[in-house]
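Visitor: Sending over a structure as structure tokens; questions will come in a sec.
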Amino acid sequence: MESLICVPVLLPLLGAGVKLAIGGRLRHVQALISLGTLCVTLAVSVVLLVAADRHGPLVTEIGGWAAPVGISLVADRLSTLVLVVSQAVTLCVMTYSVANAYDRQEHDAPMAIFHPAFLVMVAGVSDAFLSGDLFNLFVAFELLLSGSYVLLTFGGTESRIRAGATYTLMALASSMLFLIALAITYAATGTLSLAQLAVRFGGLPEQVKLLVELTLLLVFAIKAAIFPLSAWLPDSYPTAPAPATAVFAGLLTKVGVYSIIRLEALLFPGGPVAGLLMWVALATMLVGVLGAVAQTDMKRLISFTLVSHIGYMVFGVALSTVAGLAGAIFYVVHHITVQTTLFLVAGMIERRTGTTSVNRLGGLMKATPLIAVLFFVPAMNLSGIPPLSGFLGKLMLVQAGLSAGGWHAFMLVAGSLVTSLLTLYAVAKTWGKAFWRLPREDRVGTVVESEEATGEEPTVTTVALPAALPLSVTALVALGLAFTVLAGPLSGLAQRAAGELMSRDPYISAVLGRQR
């Protein structure tokens, strides 16, 4: 079973290499390789999740070198849960991109780069979730970023190149800071193995531990787009192709959140930074949602809600309790699916009408009822409308905050409720303008002939979508609804994952074994 842990990392890299060898030829073969690779990695991830939940953390040692000398890949409940969800989401996004004929655009790009870059990014995300070593985590970040650079600027338009420059500078700065953090950590402890760091940090002076913790938190906060380090995100994501934007929003920021969860639970449980994290979580929720309320473009609105709801996950981590951590894990799983779905729906709207400006849209409910439903369900889920999974995740966090007690926790609970209401207002306003109100002649995407001239009611003029395009989005919507139906088992798994994280001993013993 341990030998399967490498598959989600190595198989996408192998698929990317094969497709680079094929080049611009055999576009259909490229698509089949991508879809087949993601199907296999999803199946393997499910097997690992079941095994980790039954038997505890699974460990494989790269090159046969045992930790702490070598690098370990660790599949515990947390890593395999987010791995399964990420593989399911990337499979749906790849299906969307194939149906949306991105493979034709890829044929015109140098070396048919879209599919290989996508799989390289998937391999980096999987490596980050499974990594049991800080340096390997750095490598995983660089791997996923190398693929994301290509996807963000795919097509070479002016807006994408400009957004790609901002994204690249941010990523390079965080990578350099990550290297500095690794140097400080190794100088203080003599190791970068997460399991051994959890043991050795107990004997370090508090000032040294605080320096290491703050430096690593700063790195992961940039990658997770936590306020005030989130200004780069709303300007970078909306310009990319819809599949790239969707997987960026769903996964790349969650890798940063996952790293914070792992860092705080394993290395610095109950540390002095918890109070700071509470203030950061509150500011991220409120600033993000206020930015969303002010937007008139659908993609930018969804980008600001992405920033805002990262604050919910930091909220759970900051409580430093099993209940809070379980709520954060549940919300990560929920948010990966919902945020990816909303960006894909925005991509369908842009392709069909030529715009995502809310002020220039109208009448989409009548013209495209399926797209209207596909937007409405995840939007309500994001807002936390009962009994959807967004409501259940927020309920878990609110209950954890009330149980923790203290004015900081109560402040976070109040901020989360205000954020949820403002999110509902923002998406309801967007729904009302883009889908519900009647179209006008002066809006792009609507007919120019008036009702008096034609004798018929005005409708939205749209471009036909490929028949298979909505299927992948429908699958994601169904996955989000499945989290509601299966909320009991999912929340139970989140509780077990949080308990395993907070106890720390199962992870440390699995990696170090007798060497502990």
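Each chain in the structure tokens gets a letter, A, B, ..., in the order shown, and its residues are numbered from 1; ligands are numbered from 1 in order too.
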When you look at stretch 78-81 of chain A with a cut-off of 7 Å (counting only C-alpha atoms), what residues show up, excluding the ones that are within fewer than 2 positions of it in the same chain? I need them as a PyMOL selection string.

Guide: chain A and resi 45+48-49+75-76+83-85+129-130+497

Visitor: Name the residues in contact with A:Gly401 at a cut-off of 8 Å, using only C-alpha atoms, excluding same-chain residues fewer than 4 positions from it; report them as a list of chain:residue names.

Guide: A:Leu319, A:Gly324, A:Leu397, A:Gly405, A:Ala409, A:Phe410, A:Leu412, A:Val413

Visitor: For A:Val44, please output as a list in words all residues within 12 Å (counting only C-alpha atoms; exclusion window: fewer than 6 positions along the same chain).

Guide: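 Near A:Val44, the qualifying residues are Met1, Glu2, Ser3, Leu4, Ile5, Cys6, Val7, Pro8, Val9, Leu11, Thr37, Leu38, Val50, Ala51, Ala75, Thr80, Leu83, Val84, Gln87, Ala88 and Ser126 of chain A.
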
Visitor: May I have the residues from that selection written out with N, CA, C and O atoms, as a CSV table (one decimal), in the first residue's frame?

Guide:
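What follows is the written file out_7.csv:
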```csv
chain,number,residue,atom,x,y,z
A,1,MET,N,0.8,-1.2,0.0
A,1,MET,CA,0.0,0.0,0.0
A,1,MET,C,0.9,1.3,0.0
A,1,MET,O,0.5,2.2,-0.7
A,2,GLU,N,2.0,1.2,0.7
A,2,GLU,CA,2.9,2.4,0.8
A,2,GLU,C,3.4,2.8,-0.6
A,2,GLU,O,3.7,4.0,-0.8
A,3,SER,N,3.6,1.8,-1.4
A,3,SER,CA,4.2,2.1,-2.8
A,3,SER,C,3.2,2.9,-3.6
A,3,SER,O,3.6,3.6,-4.6
A,4,LEU,N,1.9,2.9,-3.3
A,4,LEU,CA,1.0,3.7,-4.0
A,4,LEU,C,1.1,5.2,-3.8
A,4,LEU,O,0.5,6.0,-4.5
A,5,ILE,N,1.7,5.6,-2.7
A,5,ILE,CA,1.7,7.0,-2.3
A,5,ILE,C,2.4,7.9,-3.3
A,5,ILE,O,2.1,9.0,-3.6
A,6,CYS,N,3.4,7.3,-4.0
A,6,CYS,CA,4.1,8.0,-5.1
A,6,CYS,C,3.3,8.3,-6.3
A,6,CYS,O,3.6,9.1,-7.1
A,7,VAL,N,2.3,7.5,-6.5
A,7,VAL,CA,1.5,7.5,-7.8
A,7,VAL,C,0.9,8.9,-8.1
A,7,VAL,O,1.1,9.4,-9.2
A,8,PRO,N,0.2,9.5,-7.2
A,8,PRO,CA,-0.3,10.9,-7.5
A,8,PRO,C,0.7,11.9,-7.9
A,8,PRO,O,0.4,12.9,-8.5
A,9,VAL,N,2.0,11.7,-7.5
A,9,VAL,CA,3.0,12.6,-7.9
A,9,VAL,C,3.7,12.2,-9.2
A,9,VAL,O,3.9,13.0,-10.1
A,11,LEU,N,2.8,9.8,-11.6
A,11,LEU,CA,2.0,9.6,-12.8
A,11,LEU,C,1.7,10.8,-13.6
A,11,LEU,O,1.9,10.8,-14.8
A,37,THR,N,-4.8,9.8,-16.9
A,37,THR,CA,-3.9,10.0,-15.8
A,37,THR,C,-4.7,10.5,-14.6
A,37,THR,O,-4.5,10.0,-13.4
A,38,LEU,N,-5.6,11.4,-14.7
A,38,LEU,CA,-6.3,12.0,-13.6
A,38,LEU,C,-7.3,10.9,-13.0
A,38,LEU,O,-7.5,10.9,-11.8
A,50,VAL,N,-9.0,5.5,2.2
A,50,VAL,CA,-9.6,4.4,3.0
A,50,VAL,C,-8.5,3.7,3.9
A,50,VAL,O,-8.8,3.4,5.1
A,51,ALA,N,-7.3,3.5,3.3
A,51,ALA,CA,-6.3,2.8,4.1
A,51,ALA,C,-5.8,3.7,5.2
A,51,ALA,O,-5.6,3.2,6.4
A,75,ALA,N,0.9,9.8,3.9
A,75,ALA,CA,-0.5,9.8,3.6
A,75,ALA,C,-1.3,9.5,4.9
A,75,ALA,O,-1.4,8.4,5.3
A,80,THR,N,-4.8,12.7,2.6
A,80,THR,CA,-5.5,11.9,1.6
A,80,THR,C,-6.9,12.5,1.3
A,80,THR,O,-7.4,12.4,0.2
A,83,LEU,N,-6.4,15.3,-0.9
A,83,LEU,CA,-5.9,14.8,-2.2
A,83,LEU,C,-7.0,14.2,-3.0
A,83,LEU,O,-7.0,14.4,-4.3
A,84,VAL,N,-7.9,13.5,-2.4
A,84,VAL,CA,-9.1,12.9,-3.2
A,84,VAL,C,-9.9,14.1,-3.8
A,84,VAL,O,-10.3,14.0,-5.0
A,87,GLN,N,-8.0,15.8,-6.7
A,87,GLN,CA,-8.0,15.0,-7.9
A,87,GLN,C,-9.4,14.9,-8.6
A,87,GLN,O,-9.4,15.0,-9.8
A,88,ALA,N,-10.4,14.9,-7.8
A,88,ALA,CA,-11.8,14.9,-8.4
A,88,ALA,C,-12.0,16.2,-9.1
A,88,ALA,O,-12.6,16.3,-10.2
A,126,SER,N,-0.2,17.5,-5.5
A,126,SER,CA,-0.2,16.3,-4.8
A,126,SER,C,1.1,16.1,-3.9
A,126,SER,O,1.0,15.6,-2.8
```

Visitor: List every residue of stretch 114-329 of chain A that DSSP, applied to the backbone of this structure, places in alpha helix (DSSP H), and write the result as a PyMOL selection string.

Guide: chain A and resi 114-130+134-152+158-189+194-200+206-224+233-236+242-247+253-262+274-293+298-319+322-329

Visitor: List as a tab-separated table every residue of stretch 179-211 of chain A that is in contact with stretch 271-277 of chain A, defined as an atom at most 10 Å from one of its atoms (using only C-alpha atoms), together with the nearest atom pair and the distance in Å rounded to one decimal, sorted by chain and then rising number.

Guide:
```
residue	atom	partner	partner_atom	distance
A:Glu206	CA	A:Pro272	CA	9.7
A:Lys209	CA	A:Gly271	CA	9.3
A:Leu210	CA	A:Pro272	CA	8.0
```

Visitor: Suppose you want the space between atom CA of A:Val219 and atom CA of A:Ser174; what is it in Å?

Guide: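 Between atom CA of A:Val219 and atom CA of A:Ser174 the gap is 5.5 Å.
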
Visitor: So, counting only C-alpha atoms, which residue among A:Leu486, A:Ile329, A:Pro470, A:His335 is closest to A:Pro369?

Guide: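 Among the listed residues, A:Pro470 lies closest to A:Pro369.
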